[in-house]
Amino acid sequence: MDTIVLVKGLRKTYGAVVAVDEVSFEVQEGEIFGMVGPNGAGKTTTIECLEGLRKPDQGTLRVLGVDPQQDSKILRQRTGMQLQQSNLPDRMKVWEALDLYASFYPKAADWKVLLAQLGLEEKRNAHFSKLSGGQKQRLFIALALLPDPQLVFLDELTTGLDPQARHAIWDLVRDVRARGKTVLLTTHYMEEAEQLCDRVAILDHGRIVALDTPQELIHRLGAEERIVFNLKGNLPASFEKLLTGDIRVEVQGERVTIHGKNGRQVPLVSEVVTLLSSQGIQFSDLRTEQPNLEDVFLNLTGREMRE
Amino acid sequence: MKSLQKMTWMEAKLFLREPMSAFFTLVFPLIYLFMFGIISGNEPTPQFGGQKTIDASIPGLTAVIICITGLMSTTMALSTYREKGVLRRLRTTPVSPLVVLVAQVIVVFAMTTLGMLLLVLAGTLVYHVRFDGNPLSMLGGYILSSLSFFGIGFVLAGTMPTVRTAWIVGMVLLYPMMFLSGAFFTVEILPAAIQKVSAFLPLTYVVNLLRGLWFGDSWSQHTIDVIVLAAMLVAGVVVTVKLFRWE
């Protein structure tokens, strides 16, 4: 498998602010690689250095084997880029945008096919300003696919979209990869990174604090699982003592959360349910929660990911 | 080349879909023409120093169109493109952002010309205007005037931080120029103090040049106008190249 993107010791400062420091990673052909982290973590700066839009202060960058600064023209012909802050003129129609941008590439993909694949056929004659957030992003993905690129950059693709539109976009990104393209994306949604990415680099304050597959990152947490349920009445004081192993009980109003380590002999959930029934305690809405990347971030940085 | 062609066609469509710019370039000058016609017909009038109203107002209104397309259409289109990130998106493609600037010049020039042709057509059909000049000279003066004003638009769009400031500065420049440059009435009927102001307005030179050429003046009678407009054009290009901010 080929290395599509190589980053070694990237550093970029804006005045006194260090936006990115000592960032190194590689992206292999055919994978969906994600950079995830809170706003201001350095994701966009990193991706824009790779796109050749910003000049790094230090570090070695190779994208499709070339230096993004020196050979930006080659990159622009062979990669698709979705930028975080950019737009089209309000009164440009969907088909016109595709037709226009197709004329920029020597061997453009057939935009009529992309229009259908991205579900924009109905919106063919709609003005850009009349599109919903999800439709705009689908159009941007279509524009990024016009050069029939080997590599697609997607910067904060689903920010501001409702969950339904976000799930639809995820399916599209998986489709893009299924067509043999490599995807490098940034997001500040941990769930998105977990659902979509083969490998994830977690960034915080301009540095990579962890890099692996989402499953491995979670696994490495030595993670705990949680049982959550609602209670009518009070929990007997002895309840916690009757459970085995290393557990912790948290009560907030009528909601009870029981934290326990993974990999017990008897699953925590069956132990809790048995105990609740045998004690005749009324409960509702019981569910188990597995740890996620959100927990990984919290564990690594001591902070919640929320903006 | 294909990109420039598509971009130009696209920009032309966008120009016509923007009601403000289409109105001010194509309809507004005609309204003035007919207003002058209704008020005084095509008769000699002191408003234009004894020349016939409509004969004199066609080059004057052409100057107004040039001023509006240069200061408003060009400025607004390009500063909006920058603020909204349209230029930024173009930078992700192999096409040079210069293509959008060139397309803009072509379209604004074509629309200005269309506005002028509508004026000439209406003037000829309704008021039987007289044209005493040389068509080629007229065309040359018209091209020089247009380009030098587009230069102002590019400088504004390229240097003002936001669309809003570009719009305000454009307006502040536009109004005194329209009314004090002699486009709607000759400068000689204004108070002496205000006549002095008009000498500092670039549009005054456009009005003088176009009206002069319209009535058959030779270029040598308008050396100062030509020098001022050519200097503006050169300054506009230099400042744009040096200071234009793409983001």
# chains A, B, ... in the order shown; residues from 1 in each chain; ligands from 1
$ residues_around --residues "Met232 in chain B" --least-positions-apart "3" --cutoff "9 Å" --atoms "only C-alpha atoms" --output "PyMOL selection string"
chain B and resi 148-149+151-152+202+227-229+235-237
$ write_last_selection --atoms "C-alpha atoms" --output "short mmCIF file (atom, residue, chain, number, x, y, z; two decimals), in the first residue's frame"
data_model
loop_
_atom_site.label_atom_id
_atom_site.label_comp_id
_atom_site.auth_asym_id
_atom_site.auth_seq_id
_atom_site.Cartn_x
_atom_site.Cartn_y
_atom_site.Cartn_z
CA SER B 148 -10.02 53.49 -15.79
CA PHE B 149 -13.21 53.32 -13.72
CA GLY B 151 -9.63 50.15 -11.98
CA ILE B 152 -11.18 52.15 -9.12
CA PRO B 202 -12.46 61.52 -12.02
CA ILE B 227 -3.82 61.97 -19.34
CA VAL B 228 -5.92 61.88 -16.16
CA LEU B 229 -7.86 58.77 -17.21
CA ALA B 235 -2.54 53.46 -10.98
CA GLY B 236 -5.53 51.14 -10.68
CA VAL B 237 -3.69 48.21 -12.24
#
$ interface_residues --of "chain B" --to "chain A" --cutoff "8 Å" --atoms "only C-alpha atoms" --output "mmCIF file with C-alpha atoms, in the first residue's frame"
data_model
loop_
_atom_site.group_PDB
_atom_site.id
_atom_site.type_symbol
_atom_site.label_atom_id
_atom_site.label_comp_id
_atom_site.auth_asym_id
_atom_site.auth_seq_id
_atom_site.Cartn_x
_atom_site.Cartn_y
_atom_site.Cartn_z
ATOM 1 C CA LYS B 2 -12.525 27.073 -21.884
ATOM 2 C CA SER B 3 -12.498 28.107 -18.212
ATOM 3 C CA LYS B 6 -17.464 29.458 -19.029
ATOM 4 C CA MET B 7 -16.573 31.849 -16.242
ATOM 5 C CA MET B 10 -21.483 32.496 -15.754
ATOM 6 C CA LEU B 14 -25.053 36.320 -12.372
ATOM 7 C CA ARG B 17 -29.757 37.886 -11.954
ATOM 8 C CA GLU B 18 -28.685 40.600 -9.529
ATOM 9 C CA TYR B 81 -16.569 36.936 -3.661
ATOM 10 C CA LYS B 84 -17.895 34.747 1.062
ATOM 11 C CA GLY B 85 -14.857 32.645 0.210
ATOM 12 C CA VAL B 86 -15.673 32.216 -3.486
ATOM 13 C CA ARG B 88 -10.806 30.886 -1.733
ATOM 14 C CA ARG B 89 -12.685 27.981 -3.248
ATOM 15 C CA THR B 92 -8.376 24.864 -4.589
ATOM 16 C CA THR B 93 -8.687 24.290 -8.343
ATOM 17 C CA PRO B 94 -6.013 24.508 -11.034
ATOM 18 C CA VAL B 95 -7.635 27.620 -12.491
#
$ closest_residue --among "B:Leu26, B:Leu173, B:Leu136, B:Met35" --to "Gly115 in chain B" --atoms "only C-alpha atoms"
B:Leu26
$ residues_around --residues "Phe185 in chain B" --least-positions-apart "6" --cutoff "12 Å" --atoms "only C-alpha atoms" --output "VMD selection string"
chain B and resid 32 36 45 to 54 56 to 61 64 178 to 179 204 207 to 208 211
$ residues_around --residues "Glu254 in chain A" --least-positions-apart "6" --cutoff "10 Å" --atoms "only C-alpha atoms" --output "list in words"
Phe229, Asn230, Leu231, Lys232, Gly233, Asn234, Leu235 and Phe283 of chain A
$ write_last_selection --atoms "N, CA and C atoms" --output "PDB file, in the first residue's frame"
ATOM      1  N   PHE A 229     -29.824   3.671  34.535  1.00  0.00           N
ATOM      2  CA  PHE A 229     -31.270   3.431  34.609  1.00  0.00           C
ATOM      3  C   PHE A 229     -31.945   4.484  35.470  1.00  0.00           C
ATOM      4  N   ASN A 230     -33.255   4.574  35.317  1.00  0.00           N
ATOM      5  CA  ASN A 230     -34.040   5.495  36.142  1.00  0.00           C
ATOM      6  C   ASN A 230     -34.718   4.697  37.255  1.00  0.00           C
ATOM      7  N   LEU A 231     -34.922   5.366  38.369  1.00  0.00           N
ATOM      8  CA  LEU A 231     -35.378   4.693  39.576  1.00  0.00           C
ATOM      9  C   LEU A 231     -36.613   5.388  40.121  1.00  0.00           C
ATOM     10  N   LYS A 232     -37.568   4.578  40.581  1.00  0.00           N
ATOM     11  CA  LYS A 232     -38.677   5.179  41.342  1.00  0.00           C
ATOM     12  C   LYS A 232     -38.323   4.988  42.817  1.00  0.00           C
ATOM     13  N   GLY A 233     -38.222   6.033  43.551  1.00  0.00           N
ATOM     14  CA  GLY A 233     -37.854   5.894  44.950  1.00  0.00           C
ATOM     15  C   GLY A 233     -36.350   5.916  45.143  1.00  0.00           C
ATOM     16  N   ASN A 234     -35.888   5.444  46.302  1.00  0.00           N
ATOM     17  CA  ASN A 234     -34.466   5.544  46.624  1.00  0.00           C
ATOM     18  C   ASN A 234     -33.746   4.228  46.448  1.00  0.00           C
ATOM     19  N   LEU A 235     -32.454   4.350  46.250  1.00  0.00           N
ATOM     20  CA  LEU A 235     -31.603   3.173  46.163  1.00  0.00           C
ATOM     21  C   LEU A 235     -31.176   2.806  47.584  1.00  0.00           C
ATOM     22  N   PHE A 283     -37.405  -0.148  38.405  1.00  0.00           N
ATOM     23  CA  PHE A 283     -36.524   0.692  37.579  1.00  0.00           C
ATOM     24  C   PHE A 283     -37.075   0.744  36.155  1.00  0.00           C
TER      25      PHE A 283
END
$ residues_around --residues "Val197 in chain B" --least-positions-apart "6" --cutoff "10 Å" --atoms "only C-alpha atoms" --output "number ranges by chain"
B: 176-177, 180-181, 204
$ write_last_selection --atoms "N, CA and C atoms" --output "mmCIF file, in the first residue's frame"
data_model
loop_
_atom_site.group_PDB
_atom_site.id
_atom_site.type_symbol
_atom_site.label_atom_id
_atom_site.label_comp_id
_atom_site.auth_asym_id
_atom_site.auth_seq_id
_atom_site.Cartn_x
_atom_site.Cartn_y
_atom_site.Cartn_z
ATOM 1 N N PRO B 176 -21.382 62.306 -5.204
ATOM 2 C CA PRO B 176 -20.880 63.615 -5.640
ATOM 3 C C PRO B 176 -20.432 63.576 -7.094
ATOM 4 N N MET B 177 -19.862 62.449 -7.512
ATOM 5 C CA MET B 177 -19.376 62.379 -8.885
ATOM 6 C C MET B 177 -20.525 62.482 -9.878
ATOM 7 N N LEU B 180 -21.878 66.258 -9.633
ATOM 8 C CA LEU B 180 -20.985 67.411 -9.774
ATOM 9 C C LEU B 180 -20.026 67.302 -10.952
ATOM 10 N N SER B 181 -20.145 66.236 -11.725
ATOM 11 C CA SER B 181 -19.176 66.044 -12.807
ATOM 12 C C SER B 181 -19.682 66.610 -14.124
ATOM 13 N N THR B 204 -15.592 63.734 -13.959
ATOM 14 C CA THR B 204 -15.616 64.965 -14.750
ATOM 15 C C THR B 204 -14.851 64.782 -16.061
#
$ atom_distance --atom1 "CA of Thr288 in chain A" --atom2 "CA of Arg226 in chain A"
5.6 Å
